[in-house]
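Structure first, then comments.
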Amino acid sequence: MGVRGLQGFVGSTCPHICTTVNLHELAESHRAKYPGSTPTIVVDAMCCLRYWYTAESWVCGGQWREYYSALRDFLAAFTSAGIKLIFFFDGTVEPGKRDEWVKRRLKNNREISRIFHYIKSKREQPGRNMFFIPSGLAIFTRFALKSLGQETFCSLQEADYEVASYGLQHNCLGILGEDTDYLIYDTCPYLSIGDLCLESLQTILLCREKLCESLGLRVSDLPLLACLLGNDITPEGMFESFRYKCLSSYASVKENAGKKGNIILAVSDYISKVLHLYQGEKKIEEMLPLGPNKALFYKGVTSYLLPGQKSPWLVQKPKSIITDKQMASLNPGSKQEVPMCIDPEFKQEVPVCTNPESMQEVPMCMDPEPNQEASVCMDRESKPEVPMCTDPESKPEVPLYTNPESKQKSPSEIDPKCNLEALTCTYPEVKQEDAMDMEPEIKQATMVSESEILKVARMHHVHSESYLVYNILSSGEIECSNTLEDELDQALPSQAFIYRPVRQRVYSLLLEDWKDGASTGPVVKEWFVYPGNSLKHPDLVRPLQMTVQGGTPSLEVLWLSQEPAAQARRLDTLLACFNLSSSREELQSVESPLRALCCLLIYLFVQLDYINSRAVQLGSLLVRGLTTLVLVNSACGFPWTTSDFMPWNVFDGKLFHQKYLQSEKGYGVETLLEQNRSWLTTFHNLKAVVCKACSKENRRIVGRIHWNSHYTGRQGRQGHGSYRSGSTHGHSGQSWRDQGSGGRQHEHDHWRRY
């Protein structure tokens, strides 16, 4: 994350750029300088999760009430100082950063393997040095902060870009995070969350001006330096030979800087003493060995340019090049022509996309070097993205059905009417953004029109009120990060497969247009982390039609209708997503927030033949189930209160683990519930609901029995209706794990009974 080697360099070679500051004092100075304004800090929340989670137990699923309390204390410290906080969360993975996302997920898998090895050998929780954040922490932190009255936003692009933009445009006191990219952006000061002392509100301010002074650079040179060193867009190996050439000719090597530190000094020296001499006279590609990586380099530099900023190194940069991060800054109300992609050496304009219903050919981006059209359909092995086009027709204005818990406004730079469907077109050398050659019968879920439905989905997404719904509608691509799952324990399938049928029904609900006369539905690209998944390609998952009494309602009814009967339709649809329509009466008799938990338990008992004694994984499985409930509730128009799914209201990992171990020893229900009559009554009521619902599905609840030998391994790659982008037919005798290399599963599915 951030610029390669810069964090270590700052700490060891340039410690003077790190200044201890007191946020109380900075806030007072800000108020004196700007009377009437509230000192505001914009927070990169994803960088703060480890800092916030201080609860003792983390491996058993999370101590959520303790975590919620820690968040409340964090907010109180800033409130007492009169400082306002604005929180941003990652809302998407940009196409150009998918490889980096995969690399980090695979690294996390190795860490999780070590955690389970430690647990098995030591029979205790590992130390904090092996800490791994509980599953779903980022998702539920959004809702926790909102419930605590904080302005919380989910990004429409790379979160650090939106954080830096907000900080600059709103004259913020600083950015609180832990990412060296904030040293590169020309924005407000960068404050370290890792060095924050909450009691005194002292932390470290990393000064980019002092960094530039140490390196002999200007602030406008920092994006160039970042790309030459390597970041999330330009791979570290892209300029490796160039960096070593700089190092070999660098005459001021410092012994205490180390190899990486001296490389940073050497590259900075080359920029200041060589490149500055020719700046403005030569194109950057004439001064640097860009070769075939020119497009990626341009994209890397422009990714640091905030709205209104320009780089002196891109004198030849065409005005119409738009990076992924600048996409949200497009004029939402503009009636301009479709954006064009123009290379400085090739002046032909190429439209980004056309009406998919027209008979025109699919547009191409032109390659300036070979002067040929870049084919939209590329080889499967290139791991590209599927281009999406928008339907220009828009539906008329209708009243919005919004989450009644929503009260906040969007930050000014994120216009809820922003035309995000105006896709960008960059140089075709960036292979990650070429089109995918998929099998003829498989259709990628295309971006829906700029309708009221999409506006509502985007609004809920930006306000952190929904989960994955906007991603499914806008790009047909979603991801789920690592879960604490033991790849060596074959007793329980991965949560990715257990909840996949639910997601498939949600796809059917959201991508409703495919049902009209279509023999096969579109596919949604799922980047879900599970044991055995190399993440070389996404799982291509088709919608699964569901049965709702009275017919499946449209999204207009679920999201926009204000009729009294609409709420009942929303609940019917939610239960249908879990295939639990027959349990409606039982669930309605349960009070909140236990109703949602009951729904999840019934689904799990019907879904799994047996549950083995794997308390750690079961805790993570339950929490992932709660995130699935958030997704379904969002898609169905919020029939249930969002707080019903919050883990601090229904689950505690440490307590669950204690009770699980006691149960394994044969303790009775009365002992487990500490002879508390009220708890016993609640337990028996819930048990009766779950058992009655399961009996309707002809499912008898069974415990303490090993997983049926039929399931010889974790379901390795696909669930029902899913395909791989490089698929071949699997053998019927293979175990799920053996099919992990990407075999297409037969329609017969002995994992899930519908």
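For the structure tokens, the naming scheme is as follows: chains receive sequential letters (A, B, ...) according to their order of presentation, residues are indexed from 1 within each chain, and ligands are indexed from 1 in presentation order.
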
List every residue of stretch 120-340 of chain A that DSSP, applied to the backbone, labels as helix (DSSP H, G or I), and write the result as a PyMOL selection string.
chain A and resi 120-122+128-130+137-147+159-169+181-184+208-215+219-229+240-248+255-278+284-287+291-302+327-329

Mind checking which residues fall within 7 Å of A:Gly619, counting only C-alpha atoms, ignoring those fewer than 2 positions away in the same chain, and posting them as a list in words?
Cys60, Gly61, Ala615, Val616, Gln617, Leu621, Leu622, Val623 and Gly653 of chain A

Quick one: residues within 9 Å of stretch 643-646 of chain A, only C-alpha atoms, excluding same-chain residues fewer than 3 positions away - as a tab-separated table (two decimals) with N, CA and C atoms, in the first residue's frame?
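Everything below was put into around-v1.tsv:
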```
chain	number	residue	atom	x	y	z
A	64	TRP	N	-17.56	-7.71	19.67
A	64	TRP	CA	-18.14	-6.57	18.96
A	64	TRP	C	-18.63	-5.45	19.87
A	140	PHE	N	-18.93	-3.67	9.05
A	140	PHE	CA	-19.74	-3.28	10.21
A	140	PHE	C	-19.24	-2.00	10.86
A	143	PHE	N	-21.32	0.93	9.59
A	143	PHE	CA	-22.62	1.07	10.25
A	143	PHE	C	-22.48	1.51	11.70
A	144	ALA	N	-21.41	1.08	12.35
A	144	ALA	CA	-21.18	1.50	13.73
A	144	ALA	C	-20.96	3.01	13.80
A	147	SER	N	-24.19	4.85	13.21
A	147	SER	CA	-25.09	4.80	14.36
A	147	SER	C	-24.61	5.70	15.48
A	592	SER	N	-37.02	-8.13	17.39
A	592	SER	CA	-35.71	-7.64	16.96
A	592	SER	C	-34.79	-7.53	18.17
A	593	PRO	N	-33.47	-7.70	18.00
A	593	PRO	CA	-32.77	-8.04	16.76
A	593	PRO	C	-32.62	-9.54	16.53
A	594	LEU	N	-33.28	-10.35	17.36
A	594	LEU	CA	-33.10	-11.80	17.26
A	594	LEU	C	-33.76	-12.38	16.01
A	595	ARG	N	-34.66	-11.62	15.40
A	595	ARG	CA	-35.34	-12.10	14.21
A	595	ARG	C	-34.34	-12.38	13.08
A	596	ALA	N	-33.42	-11.44	12.87
A	596	ALA	CA	-32.43	-11.62	11.80
A	596	ALA	C	-31.50	-12.79	12.11
A	597	LEU	N	-31.08	-12.90	13.37
A	597	LEU	CA	-30.22	-14.01	13.76
A	597	LEU	C	-30.93	-15.34	13.55
A	626	LEU	N	-24.07	-12.42	8.60
A	626	LEU	CA	-24.66	-11.12	8.91
A	626	LEU	C	-24.41	-10.12	7.78
A	627	THR	N	-23.21	-10.17	7.18
A	627	THR	CA	-22.95	-9.28	6.04
A	627	THR	C	-23.84	-9.64	4.86
A	629	LEU	N	-26.85	-10.81	5.15
A	629	LEU	CA	-28.15	-10.23	5.49
A	629	LEU	C	-28.20	-8.75	5.15
A	630	VAL	N	-27.10	-8.05	5.36
A	630	VAL	CA	-27.04	-6.63	4.99
A	630	VAL	C	-27.25	-6.46	3.50
A	640	TRP	N	-36.18	-4.87	7.07
A	640	TRP	CA	-35.78	-4.96	8.48
A	640	TRP	C	-34.83	-3.83	8.82
A	649	ASN	N	-25.10	-6.41	18.51
A	649	ASN	CA	-26.44	-6.65	19.05
A	649	ASN	C	-26.77	-8.14	19.18
A	650	VAL	N	-26.02	-9.01	18.49
A	650	VAL	CA	-26.42	-10.43	18.47
A	650	VAL	C	-25.28	-11.42	18.68
A	651	PHE	N	-24.02	-10.96	18.70
A	651	PHE	CA	-22.93	-11.94	18.70
A	651	PHE	C	-21.70	-11.40	19.42
```

What lies within 9 Å of A:Ala27 using only C-alpha atoms, ignoring chain neighbours under 5 positions off, as an NGL selection string?
:A and (22 or 32 or 38-40 or 81-83 or 173)

Looking at A:His537, A:Lys260, A:Arg114, A:Arg142, which one is nearest to A:Met130, with distances taken over only C-alpha atoms?
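Closest to A:Met130 of all the choices is A:Arg114.
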
In Å, rounded to a single decimal, give me how far atom CA of A:Asn293 is from atom CA of A:Ser165.
27.0 Å

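Across the structure, atom CA of A:Ala496 and atom CA of A:Asn533 are spaced 10.8 Å apart.
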
Contacts of stretch 666-672 of chain A within 12 Å, only C-alpha atoms, excl. fewer than 3 positions in-chain, as a list in words
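My reading of the contact set: Leu655, Phe656, His657, Gln658, Lys659, Tyr660, Leu661, Gln662, Ser663, Gln675, Asn676, Arg677, Ser678, Trp679, Leu680, Thr681, Thr682, Phe683, His684, Lys687 and Arg704 of chain A.
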
Export of prior selection with C-alpha atoms as a compact mmCIF listing (two decimals), in the first residue's frame:
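Output saved as out_17.txt:
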```
# COMPACT_ATOMS: atom_id res chain seq x y z
CA LEU A 655 -18.48 -15.70 24.63
CA PHE A 656 -19.56 -17.96 21.76
CA HIS A 657 -16.28 -19.84 21.97
CA GLN A 658 -16.56 -20.29 25.74
CA LYS A 659 -20.11 -21.64 25.48
CA TYR A 660 -19.14 -23.84 22.54
CA LEU A 661 -16.35 -25.50 24.54
CA GLN A 662 -18.68 -25.95 27.52
CA SER A 663 -21.26 -27.55 25.25
CA GLN A 675 -29.61 -20.50 35.44
CA ASN A 676 -31.02 -17.20 34.14
CA ARG A 677 -34.79 -17.68 33.73
CA SER A 678 -35.18 -14.86 31.23
CA TRP A 679 -32.38 -16.20 29.04
CA LEU A 680 -33.80 -19.72 29.26
CA THR A 681 -37.20 -18.51 28.10
CA THR A 682 -35.69 -16.61 25.17
CA PHE A 683 -33.52 -19.58 24.23
CA HIS A 684 -36.40 -22.06 24.19
CA LYS A 687 -35.11 -22.95 19.49
CA ARG A 704 -21.61 -33.58 17.19
```

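For stretch 145-267 of chain A, the set of residues given strand (DSSP E or B) by DSSP on the backbone reads Glu151, Thr152, Phe153, Cys154, Gly174, Ile175, Leu176, Gly177, Tyr190, Leu191, Ser192, Cys197, Gln202, Thr203, Ile204, Leu205 and Leu206 of chain A.
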